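In what follows, a single structure is set out as C-alpha cells and then discussed.
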Amino acid sequence: MEALLASYGDSYSDSDTERGNPSNSGINSSSSQPETTNLPLPPPPLSLVNPPNSLGSIDHHLPTGQPSRVRNFPHVEGNYALHVYIPVLIPLAPKKELAQFLKRVSSILPGIYVVDVDVPFTSLRKDDSELEQVAFGREFHISLGRTVPIRVHQIDSIVAMLRQRLQSQRRYWIDFSKWEVFVNDDRSRTFLSLEVTTGGLLEITKQIQVVNEVYRLHNLPEFYKDPRPHISLAWLLGDVSSSLKRVVVEEMKRLSVESSLHKHFFSCKFGGIHCKIGKKTYKICKFSGE
C-alpha cells in the first residue's frame with residue numbers, strides 16, 4: 001500500500017483536521033492519488049462515540065499516568081459539539097488479521113494505544129480474543145464534517161436541514177483498502193488508520209459536499225478540500241510518523257511475501273448517517289423500502 005503521511009488538525013480526541021503530504025515511498029501504488037501538499041483533510045474525533053458496554057471493564061489495562069486527550073475547542077456553557085459521521089462496524093472475519101498486524105506493529109513500537117478506549121496494545125498482546133474485542137469490538141466512524149461547537153438554537157435547524165438533504169440514500173459498499181499514517185497539527189499525536197480509496201469513496205465525497213452546504217448555511221467551517229475518508233484504529237504520543245510509516249511499510253512487505261495481497265482489508269455496507277450533538281445522536285437518512 002502507498003503510505004501517505006498526512007497531518008491533521010486540532011484533535012477533539014482522535015483527530016479533527018488533517019493535511020495531506022504524499023510520500024513517494026509506498027505501500028499500495030495501485031491506490032495512489034494526485035499529489036497535493038498542505039491540504040487539510042478530515043479525521044474522526046475520538047470520544048464523540050461512546051464505546052459500547054459490551055467491552056466490559058478495561059480499567060486493569062489502563063496504565064498510571066496515561067496521556068490524556070485534548071479537546072480541539074474549549075468548553076463553553078451553552079455550546080454543543082456537532083459531529084456528522086457514518087458509523088462503521090468491523091466484520092468478525094477481518095478482526096483476527098487486523099489484530100495480528102497491529103500486534104506485530106506494537107511489538108516494534110510499544111507506545112501504541114487503542115483508539116477511543118486508550119488501552120495500550122502491549123497489555124493486550126497475550127490474549128488474542130481480548131485484543132480483537134477491545135481494539136475492534138465497537139463502533140468506528142467516518143467523519144463527514146468538522147467537529148465544531150454550535151449553540152442550542154442551531155440544533156433543530158441543522159438536524160432538519162441534514163435530514164431534508166440526505167433523506168434518501170442508497171446502500172453501497174465501503175472498502176477499507178489502505179493503511180495510512182496521520183499526525184495532528186500540533187504534532188502531539190500520530191494515528192494509524194484504514195483509508196477508503198476505492199469502493200464508497202465517490203458516495204462519501206458527495207455526502208460530504210451536502211454536509212458542507214448545511215455547515216455553510218449555518219456559518220460553520222466547511223470540511224476539508226480533497227477529503228480522504230478513513231477510520232483510525234491506533235495512536236501514539238507525539239510525532240512518530242516516520243517510524244510508524246517505516247514499520248507499516250516493512251510489515252506490508254512481509255505480508256506480501258507470506259501471502260497474496262488483498263485488494264482491501266475489509267468491506268462494510270453503508271448503514272446510514274448519524275449526527276451527534278452533545279450526548280444526543282440523531283439518525284439522518286432513511287433507505288428506500290425501509
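Identifiers for the C-alpha cells are assigned positionally: chains receive A, B, ... in sequence, residues are indexed from 1 per chain, and ligands are indexed from 1 in the order shown.
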According to DSSP computed on the backbone, where in region 161-270 of chain A is there helix (DSSP H, G or I)? Give the residues as an mmCIF file with C-alpha atoms, in the first residue's frame.
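Done, and the output landed in result_26.cif:
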data_model
loop_
_atom_site.group_PDB
_atom_site.id
_atom_site.type_symbol
_atom_site.label_atom_id
_atom_site.label_comp_id
_atom_site.auth_asym_id
_atom_site.auth_seq_id
_atom_site.Cartn_x
_atom_site.Cartn_y
_atom_site.Cartn_z
ATOM 1 C CA MET A 161 -31.671 20.516 7.042
ATOM 2 C CA LEU A 162 -29.395 17.462 7.130
ATOM 3 C CA ARG A 163 -32.444 15.185 7.053
ATOM 4 C CA GLN A 164 -34.039 17.118 4.207
ATOM 5 C CA ARG A 165 -30.943 16.995 2.008
ATOM 6 C CA LEU A 166 -29.813 13.475 2.912
ATOM 7 C CA LEU A 201 -15.189 6.981 -1.982
ATOM 8 C CA LEU A 202 -17.394 8.695 -4.575
ATOM 9 C CA GLU A 203 -20.560 8.301 -2.492
ATOM 10 C CA ILE A 204 -18.916 9.536 0.703
ATOM 11 C CA THR A 205 -17.425 12.528 -1.120
ATOM 12 C CA LYS A 206 -20.903 13.527 -2.358
ATOM 13 C CA GLN A 207 -22.297 13.221 1.184
ATOM 14 C CA ILE A 208 -19.504 15.449 2.475
ATOM 15 C CA GLN A 209 -20.451 18.074 -0.095
ATOM 16 C CA VAL A 210 -24.048 18.059 1.164
ATOM 17 C CA VAL A 211 -22.917 18.399 4.776
ATOM 18 C CA ASN A 212 -20.673 21.279 3.681
ATOM 19 C CA GLU A 213 -23.714 23.102 2.313
ATOM 20 C CA VAL A 214 -25.546 22.768 5.630
ATOM 21 C CA TYR A 215 -22.490 23.949 7.555
ATOM 22 C CA ARG A 216 -22.084 26.923 5.229
ATOM 23 C CA LEU A 217 -25.698 27.996 5.730
ATOM 24 C CA SER A 241 5.080 9.331 11.814
ATOM 25 C CA SER A 242 8.355 8.421 10.145
ATOM 26 C CA SER A 243 8.932 5.472 12.457
ATOM 27 C CA LEU A 244 5.330 4.268 12.221
ATOM 28 C CA LYS A 245 5.236 4.568 8.441
ATOM 29 C CA ARG A 246 8.515 2.638 8.161
ATOM 30 C CA VAL A 247 7.166 -0.176 10.343
ATOM 31 C CA VAL A 248 3.895 -0.344 8.374
ATOM 32 C CA VAL A 249 5.769 -0.491 5.045
ATOM 33 C CA GLU A 250 8.036 -3.292 6.286
ATOM 34 C CA GLU A 251 5.126 -5.292 7.694
ATOM 35 C CA MET A 252 3.180 -4.964 4.457
ATOM 36 C CA LYS A 253 6.233 -6.151 2.521
ATOM 37 C CA ARG A 254 6.489 -9.156 4.822
ATOM 38 C CA LEU A 255 2.807 -9.954 4.345
ATOM 39 C CA SER A 256 3.122 -9.686 0.569
ATOM 40 C CA VAL A 257 5.808 -12.379 0.691
ATOM 41 C CA GLU A 258 3.896 -14.658 3.063
#
Enumerate as a VMD selection string all residues of region 131-272 of chain A assigned to strand (DSSP E or B) by DSSP on the backbone, naming them with the chain letters and numbers the document uses.
chain A and resid 139 to 143 148 to 151 168 to 169 173 to 176 178 to 184 189 to 195 230 to 237 266 to 269
*Within 8 Å of Cys268 (chain A), counting only C-alpha atoms, which residues qualify if same-chain residues fewer than 4 places away don't, as a ChimeraX atom specification?*
/A:88-91,173-175
With all heavy atoms retained, write the just-selected residues as an mmCIF file, in the first residue's frame.
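Output below, filename result22.cif:
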data_model
loop_
_atom_site.group_PDB
_atom_site.id
_atom_site.type_symbol
_atom_site.label_atom_id
_atom_site.label_comp_id
_atom_site.auth_asym_id
_atom_site.auth_seq_id
_atom_site.Cartn_x
_atom_site.Cartn_y
_atom_site.Cartn_z
ATOM 1 N N VAL A 88 -19.369 2.780 11.503
ATOM 2 C CA VAL A 88 -18.720 1.627 10.875
ATOM 3 C C VAL A 88 -18.485 0.549 11.926
ATOM 4 O O VAL A 88 -17.918 0.823 12.988
ATOM 5 C CB VAL A 88 -17.364 2.020 10.245
ATOM 6 C CG1 VAL A 88 -16.612 0.779 9.763
ATOM 7 C CG2 VAL A 88 -17.567 2.997 9.099
ATOM 8 N N LEU A 89 -18.913 -0.666 11.622
ATOM 9 C CA LEU A 89 -18.613 -1.829 12.452
ATOM 10 C C LEU A 89 -17.720 -2.768 11.648
ATOM 11 O O LEU A 89 -18.030 -3.104 10.498
ATOM 12 C CB LEU A 89 -19.893 -2.550 12.871
ATOM 13 C CG LEU A 89 -20.816 -1.795 13.830
ATOM 14 C CD1 LEU A 89 -22.100 -2.586 14.061
ATOM 15 C CD2 LEU A 89 -20.104 -1.540 15.163
ATOM 16 N N ILE A 90 -16.604 -3.168 12.224
ATOM 17 C CA ILE A 90 -15.692 -4.074 11.537
ATOM 18 C C ILE A 90 -16.253 -5.488 11.612
ATOM 19 O O ILE A 90 -16.544 -5.974 12.710
ATOM 20 C CB ILE A 90 -14.281 -4.018 12.163
ATOM 21 C CG1 ILE A 90 -13.714 -2.601 12.044
ATOM 22 C CG2 ILE A 90 -13.354 -5.018 11.491
ATOM 23 C CD1 ILE A 90 -12.352 -2.425 12.688
ATOM 24 N N PRO A 91 -16.408 -6.167 10.469
ATOM 25 C CA PRO A 91 -16.933 -7.542 10.480
ATOM 26 C C PRO A 91 -16.033 -8.478 11.281
ATOM 27 O O PRO A 91 -14.851 -8.201 11.509
ATOM 28 C CB PRO A 91 -16.952 -7.922 8.999
ATOM 29 C CG PRO A 91 -16.949 -6.625 8.264
ATOM 30 C CD PRO A 91 -16.162 -5.679 9.108
ATOM 31 N N TRP A 173 -21.307 -0.297 -0.866
ATOM 32 C CA TRP A 173 -20.239 -0.943 -0.114
ATOM 33 C C TRP A 173 -19.070 0.013 0.083
ATOM 34 O O TRP A 173 -18.697 0.767 -0.824
ATOM 35 C CB TRP A 173 -19.758 -2.202 -0.829
ATOM 36 C CG TRP A 173 -20.709 -3.342 -0.692
ATOM 37 C CD1 TRP A 173 -21.674 -3.736 -1.583
ATOM 38 C CD2 TRP A 173 -20.817 -4.219 0.434
ATOM 39 N NE1 TRP A 173 -22.374 -4.812 -1.086
ATOM 40 C CE2 TRP A 173 -21.866 -5.136 0.147
ATOM 41 C CE3 TRP A 173 -20.135 -4.337 1.651
ATOM 42 C CZ2 TRP A 173 -22.238 -6.146 1.030
ATOM 43 C CZ3 TRP A 173 -20.500 -5.343 2.525
ATOM 44 C CH2 TRP A 173 -21.542 -6.230 2.223
ATOM 45 N N ILE A 174 -18.500 -0.009 1.269
ATOM 46 C CA ILE A 174 -17.332 0.799 1.604
ATOM 47 C C ILE A 174 -16.144 -0.145 1.774
ATOM 48 O O ILE A 174 -16.183 -1.063 2.599
ATOM 49 C CB ILE A 174 -17.554 1.597 2.896
ATOM 50 C CG1 ILE A 174 -18.792 2.490 2.773
ATOM 51 C CG2 ILE A 174 -16.324 2.441 3.223
ATOM 52 C CD1 ILE A 174 -19.177 3.184 4.079
ATOM 53 N N ASP A 175 -15.096 0.080 0.994
ATOM 54 C CA ASP A 175 -13.894 -0.749 1.065
ATOM 55 C C ASP A 175 -12.781 0.003 1.793
ATOM 56 O O ASP A 175 -12.412 1.109 1.386
ATOM 57 C CB ASP A 175 -13.400 -1.123 -0.337
ATOM 58 C CG ASP A 175 -14.395 -1.972 -1.101
ATOM 59 O OD1 ASP A 175 -15.176 -2.688 -0.449
ATOM 60 O OD2 ASP A 175 -14.388 -1.917 -2.349
#
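With distances restricted to only C-alpha atoms, A:Leu144 is the closest residue to Val84 (chain A) from A:Leu144, A:Ile158, A:Leu194, A:Leu237.
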For CA of Tyr172 (chain A) and CA of Trp235 (chain A), quote the distance in Å rounded to one decimal.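 It comes out at 28.9 Å.
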| Neighbours of Arg170 (chain A) within 10 Å (only C-alpha atoms; same-chain residues fewer than 3 positions away dropped), as a list in words? | Glu203, Phe270, Gly271, Gly272, Cys285, Lys286, Phe287 and Ser288 of chain A
Generate a file of the selected residues that holds N, CA and C atoms, formatted as a PDB file, in the first residue's frame.
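Generated output (out.pdb):
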ATOM      1  N   GLU A 203     -19.325   8.044  -3.241  1.00  0.00           N
ATOM      2  CA  GLU A 203     -20.560   8.301  -2.492  1.00  0.00           C
ATOM      3  C   GLU A 203     -20.294   9.126  -1.237  1.00  0.00           C
ATOM      4  N   PHE A 270     -22.748   0.529   3.712  1.00  0.00           N
ATOM      5  CA  PHE A 270     -23.172   1.818   4.252  1.00  0.00           C
ATOM      6  C   PHE A 270     -24.499   1.645   4.988  1.00  0.00           C
ATOM      7  N   GLY A 271     -24.512   2.045   6.257  1.00  0.00           N
ATOM      8  CA  GLY A 271     -25.692   1.817   7.079  1.00  0.00           C
ATOM      9  C   GLY A 271     -26.399   3.072   7.535  1.00  0.00           C
ATOM     10  N   GLY A 272     -26.049   4.211   6.957  1.00  0.00           N
ATOM     11  CA  GLY A 272     -26.724   5.446   7.340  1.00  0.00           C
ATOM     12  C   GLY A 272     -25.760   6.520   7.790  1.00  0.00           C
ATOM     13  N   CYS A 285     -30.626   9.765   7.759  1.00  0.00           N
ATOM     14  CA  CYS A 285     -31.210   9.325   6.493  1.00  0.00           C
ATOM     15  C   CYS A 285     -31.944   7.999   6.623  1.00  0.00           C
ATOM     16  N   LYS A 286     -32.828   7.769   5.667  1.00  0.00           N
ATOM     17  CA  LYS A 286     -33.556   6.512   5.562  1.00  0.00           C
ATOM     18  C   LYS A 286     -33.228   5.898   4.206  1.00  0.00           C
ATOM     19  N   PHE A 287     -33.556   4.632   4.049  1.00  0.00           N
ATOM     20  CA  PHE A 287     -33.285   3.946   2.807  1.00  0.00           C
ATOM     21  C   PHE A 287     -34.590   3.571   2.124  1.00  0.00           C
ATOM     22  N   SER A 288     -34.551   3.525   0.814  1.00  0.00           N
ATOM     23  CA  SER A 288     -35.754   3.178   0.047  1.00  0.00           C
ATOM     24  C   SER A 288     -36.278   1.821   0.455  1.00  0.00           C
TER      25      SER A 288
END
Which residues of region 180-245 of chain A have any atom within 10 Å of an atom in region 112-133 of chain A when counting only C-alpha atoms, and what is the closest pair of atoms for each, with the distance in Å to one decimal? Order the rows by chain and rising number and write it as JSON lines.
{"residue": "A:Thr190", "atom": "CA", "partner": "A:Ile112", "partner_atom": "CA", "distance": 9.4}
{"residue": "A:Phe191", "atom": "CA", "partner": "A:Val115", "partner_atom": "CA", "distance": 8.6}
{"residue": "A:Leu192", "atom": "CA", "partner": "A:Val115", "partner_atom": "CA", "distance": 9.3}
{"residue": "A:Ser193", "atom": "CA", "partner": "A:Val115", "partner_atom": "CA", "distance": 9.9}
{"residue": "A:Ile231", "atom": "CA", "partner": "A:Val115", "partner_atom": "CA", "distance": 9.8}
{"residue": "A:Ser232", "atom": "CA", "partner": "A:Val115", "partner_atom": "CA", "distance": 6.8}
{"residue": "A:Leu233", "atom": "CA", "partner": "A:Val115", "partner_atom": "CA", "distance": 5.3}
{"residue": "A:Ala234", "atom": "CA", "partner": "A:Val114", "partner_atom": "CA", "distance": 4.7}
{"residue": "A:Trp235", "atom": "CA", "partner": "A:Tyr113", "partner_atom": "CA", "distance": 5.3}
{"residue": "A:Leu236", "atom": "CA", "partner": "A:Ile112", "partner_atom": "CA", "distance": 4.9}
{"residue": "A:Leu237", "atom": "CA", "partner": "A:Ile112", "partner_atom": "CA", "distance": 7.9}
{"residue": "A:Leu244", "atom": "CA", "partner": "A:Ile112", "partner_atom": "CA", "distance": 9.8}
Once you have the residues from the selection above, write them out as an mmCIF file, in the first residue's frame, restricted to all heavy atoms.
data_model
loop_
_atom_site.group_PDB
_atom_site.id
_atom_site.type_symbol
_atom_site.label_atom_id
_atom_site.label_comp_id
_atom_site.auth_asym_id
_atom_site.auth_seq_id
_atom_site.Cartn_x
_atom_site.Cartn_y
_atom_site.Cartn_z
ATOM 1 N N THR A 190 0.129 10.763 16.757
ATOM 2 C CA THR A 190 0.265 10.105 15.457
ATOM 3 C C THR A 190 -0.758 8.979 15.411
ATOM 4 O O THR A 190 -0.920 8.248 16.393
ATOM 5 C CB THR A 190 1.674 9.528 15.270
ATOM 6 O OG1 THR A 190 2.646 10.579 15.394
ATOM 7 C CG2 THR A 190 1.831 8.888 13.896
ATOM 8 N N PHE A 191 -1.459 8.828 14.282
ATOM 9 C CA PHE A 191 -2.546 7.863 14.178
ATOM 10 C C PHE A 191 -2.300 6.864 13.051
ATOM 11 O O PHE A 191 -1.798 7.230 11.984
ATOM 12 C CB PHE A 191 -3.877 8.585 13.928
ATOM 13 C CG PHE A 191 -4.258 9.514 15.044
ATOM 14 C CD1 PHE A 191 -3.842 10.832 15.025
ATOM 15 C CD2 PHE A 191 -5.015 9.068 16.110
ATOM 16 C CE1 PHE A 191 -4.174 11.698 16.060
ATOM 17 C CE2 PHE A 191 -5.354 9.920 17.142
ATOM 18 C CZ PHE A 191 -4.934 11.232 17.124
ATOM 19 N N LEU A 192 -2.696 5.622 13.301
ATOM 20 C CA LEU A 192 -2.663 4.585 12.278
ATOM 21 C C LEU A 192 -4.103 4.298 11.876
ATOM 22 O O LEU A 192 -4.927 3.932 12.725
ATOM 23 C CB LEU A 192 -1.993 3.320 12.804
ATOM 24 C CG LEU A 192 -1.870 2.158 11.810
ATOM 25 C CD1 LEU A 192 -1.121 2.596 10.556
ATOM 26 C CD2 LEU A 192 -1.171 0.973 12.460
ATOM 27 N N SER A 193 -4.402 4.483 10.600
ATOM 28 C CA SER A 193 -5.779 4.429 10.118
ATOM 29 C C SER A 193 -5.917 3.530 8.904
ATOM 30 O O SER A 193 -4.930 3.209 8.238
ATOM 31 C CB SER A 193 -6.255 5.843 9.751
ATOM 32 O OG SER A 193 -6.041 6.762 10.801
ATOM 33 N N ILE A 231 -11.038 5.439 8.970
ATOM 34 C CA ILE A 231 -11.244 5.210 10.397
ATOM 35 C C ILE A 231 -9.867 5.029 11.032
ATOM 36 O O ILE A 231 -8.974 4.438 10.430
ATOM 37 C CB ILE A 231 -12.125 3.963 10.680
ATOM 38 C CG1 ILE A 231 -11.504 2.702 10.078
ATOM 39 C CG2 ILE A 231 -13.532 4.175 10.150
ATOM 40 C CD1 ILE A 231 -12.205 1.415 10.488
ATOM 41 N N SER A 232 -9.675 5.563 12.219
ATOM 42 C CA SER A 232 -8.411 5.403 12.933
ATOM 43 C C SER A 232 -8.531 4.272 13.949
ATOM 44 O O SER A 232 -9.540 4.163 14.655
ATOM 45 C CB SER A 232 -8.019 6.703 13.637
ATOM 46 O OG SER A 232 -7.606 7.667 12.693
ATOM 47 N N LEU A 233 -7.496 3.436 14.020
ATOM 48 C CA LEU A 233 -7.512 2.273 14.897
ATOM 49 C C LEU A 233 -6.551 2.390 16.068
ATOM 50 O O LEU A 233 -6.768 1.772 17.107
ATOM 51 C CB LEU A 233 -7.162 1.009 14.094
ATOM 52 C CG LEU A 233 -8.062 0.678 12.902
ATOM 53 C CD1 LEU A 233 -7.576 -0.589 12.217
ATOM 54 C CD2 LEU A 233 -9.507 0.525 13.340
ATOM 55 N N ALA A 234 -5.482 3.159 15.914
ATOM 56 C CA ALA A 234 -4.470 3.228 16.970
ATOM 57 C C ALA A 234 -3.793 4.594 16.944
ATOM 58 O O ALA A 234 -3.803 5.290 15.922
ATOM 59 C CB ALA A 234 -3.425 2.122 16.780
ATOM 60 N N TRP A 235 -3.195 4.967 18.078
ATOM 61 C CA TRP A 235 -2.477 6.236 18.146
ATOM 62 C C TRP A 235 -1.230 6.107 19.013
ATOM 63 O O TRP A 235 -1.126 5.211 19.851
ATOM 64 C CB TRP A 235 -3.375 7.365 18.661
ATOM 65 C CG TRP A 235 -3.830 7.236 20.097
ATOM 66 C CD1 TRP A 235 -4.950 6.622 20.542
ATOM 67 C CD2 TRP A 235 -3.160 7.746 21.262
ATOM 68 N NE1 TRP A 235 -5.040 6.717 21.913
ATOM 69 C CE2 TRP A 235 -3.945 7.406 22.380
ATOM 70 C CE3 TRP A 235 -1.981 8.464 21.475
ATOM 71 C CZ2 TRP A 235 -3.589 7.749 23.691
ATOM 72 C CZ3 TRP A 235 -1.627 8.804 22.777
ATOM 73 C CH2 TRP A 235 -2.425 8.462 23.869
ATOM 74 N N LEU A 236 -0.286 7.013 18.764
ATOM 75 C CA LEU A 236 0.932 7.093 19.552
ATOM 76 C C LEU A 236 1.142 8.534 19.977
ATOM 77 O O LEU A 236 0.714 9.468 19.295
ATOM 78 C CB LEU A 236 2.160 6.628 18.765
ATOM 79 C CG LEU A 236 2.195 5.173 18.315
ATOM 80 C CD1 LEU A 236 1.603 5.048 16.910
ATOM 81 C CD2 LEU A 236 3.623 4.629 18.340
ATOM 82 N N LEU A 237 1.824 8.713 21.090
ATOM 83 C CA LEU A 237 2.096 10.045 21.612
ATOM 84 C C LEU A 237 3.210 10.710 20.802
ATOM 85 O O LEU A 237 4.226 10.096 20.506
ATOM 86 C CB LEU A 237 2.495 9.959 23.080
ATOM 87 C CG LEU A 237 2.582 11.264 23.871
ATOM 88 C CD1 LEU A 237 1.217 11.941 23.939
ATOM 89 C CD2 LEU A 237 3.105 10.990 25.274
ATOM 90 N N LEU A 244 6.526 5.082 12.412
ATOM 91 C CA LEU A 244 5.330 4.268 12.221
ATOM 92 C C LEU A 244 5.154 3.897 10.750
ATOM 93 O O LEU A 244 4.839 2.748 10.420
ATOM 94 C CB LEU A 244 4.100 5.021 12.720
ATOM 95 C CG LEU A 244 2.756 4.296 12.595
ATOM 96 C CD1 LEU A 244 2.794 2.940 13.286
ATOM 97 C CD2 LEU A 244 1.635 5.158 13.168
#
Across A:Lys276, A:Arg171, A:Lys103, A:Lys283, the smallest distance to Tyr80 (chain A), with only C-alpha atoms counted, is shown by A:Lys276
*Excluding Thr197 (chain A) and residues on its chain fewer than 6 positions from it, collect all residues at most 8 Å away from it, counting only C-alpha atoms, and give them as a ChimeraX atom specification.*
/A:31,175-178,228-229
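The space separating CA of Val181 (chain A) from CA of Cys275 (chain A) comes to 26.1 Å.
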From CA of Lys225 (chain A) to CA of His153 (chain A) the spacing works out at 28.3 Å
Next on the checklist: So that I can check the surroundings of His274 (chain A), please list as a ChimeraX atom specification every protein, DNA and RNA residue that reaches within 9 Å of it, counting only C-alpha atoms and ignoring chain neighbours fewer than 3 positions away.
Outcome noted: /A:83-87,281-285
Save out the residues we just selected, N, CA and C atoms, as an mmCIF file, in the first residue's frame.
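Output contents, as saved in selection_4.cif:
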data_model
loop_
_atom_site.group_PDB
_atom_site.id
_atom_site.type_symbol
_atom_site.label_atom_id
_atom_site.label_comp_id
_atom_site.auth_asym_id
_atom_site.auth_seq_id
_atom_site.Cartn_x
_atom_site.Cartn_y
_atom_site.Cartn_z
ATOM 1 N N HIS A 83 -21.041 16.633 15.388
ATOM 2 C CA HIS A 83 -20.256 15.701 14.580
ATOM 3 C C HIS A 83 -21.192 14.915 13.678
ATOM 4 N N VAL A 84 -20.949 14.952 12.367
ATOM 5 C CA VAL A 84 -21.736 14.202 11.383
ATOM 6 C C VAL A 84 -20.852 13.095 10.846
ATOM 7 N N TYR A 85 -21.356 11.845 10.857
ATOM 8 C CA TYR A 85 -20.475 10.735 10.513
ATOM 9 C C TYR A 85 -21.258 9.515 10.028
ATOM 10 N N ILE A 86 -20.526 8.610 9.406
ATOM 11 C CA ILE A 86 -21.044 7.303 9.020
ATOM 12 C C ILE A 86 -20.546 6.290 10.042
ATOM 13 N N PRO A 87 -21.431 5.599 10.766
ATOM 14 C CA PRO A 87 -20.976 4.584 11.705
ATOM 15 C C PRO A 87 -20.437 3.368 10.962
ATOM 16 N N THR A 281 -27.712 11.542 19.800
ATOM 17 C CA THR A 281 -27.435 11.120 18.429
ATOM 18 C C THR A 281 -28.723 11.095 17.619
ATOM 19 N N TYR A 282 -28.688 11.709 16.423
ATOM 20 C CA TYR A 282 -29.838 11.774 15.525
ATOM 21 C C TYR A 282 -29.538 10.931 14.294
ATOM 22 N N LYS A 283 -30.497 10.104 13.873
ATOM 23 C CA LYS A 283 -30.366 9.390 12.616
ATOM 24 C C LYS A 283 -30.832 10.309 11.494
ATOM 25 N N ILE A 284 -29.992 10.468 10.487
ATOM 26 C CA ILE A 284 -30.252 11.469 9.474
ATOM 27 C C ILE A 284 -30.993 10.946 8.258
ATOM 28 N N CYS A 285 -30.626 9.765 7.759
ATOM 29 C CA CYS A 285 -31.210 9.325 6.493
ATOM 30 C C CYS A 285 -31.944 7.999 6.623
#
ask   = Smallest atom-to-atom distance to Gly200 (chain A): which of A:Val105, A:Val134, A:Ile142, A:Ala93, using only C-alpha atoms?
value =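 Comparing A:Val105, A:Val134, A:Ile142, A:Ala93 against Gly200 (chain A), the winner is A:Ile142.
Nearest-residue note for Ala99 (chain A): choosing from A:Asn219, A:Phe182, A:Ser143, A:Gly137, the minimum distance belongs to A:Gly137, counting only C-alpha atoms.
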*asked:* Restricting the calculation to only C-alpha atoms: of A:Ile150, A:Val183, A:Ile273, A:Leu109, which residue gets closest to Glu77 (chain A)?
replied: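 Checking each of A:Ile150, A:Val183, A:Ile273, A:Leu109 against Glu77 (chain A), counting only C-alpha atoms, the winner is A:Ile150.
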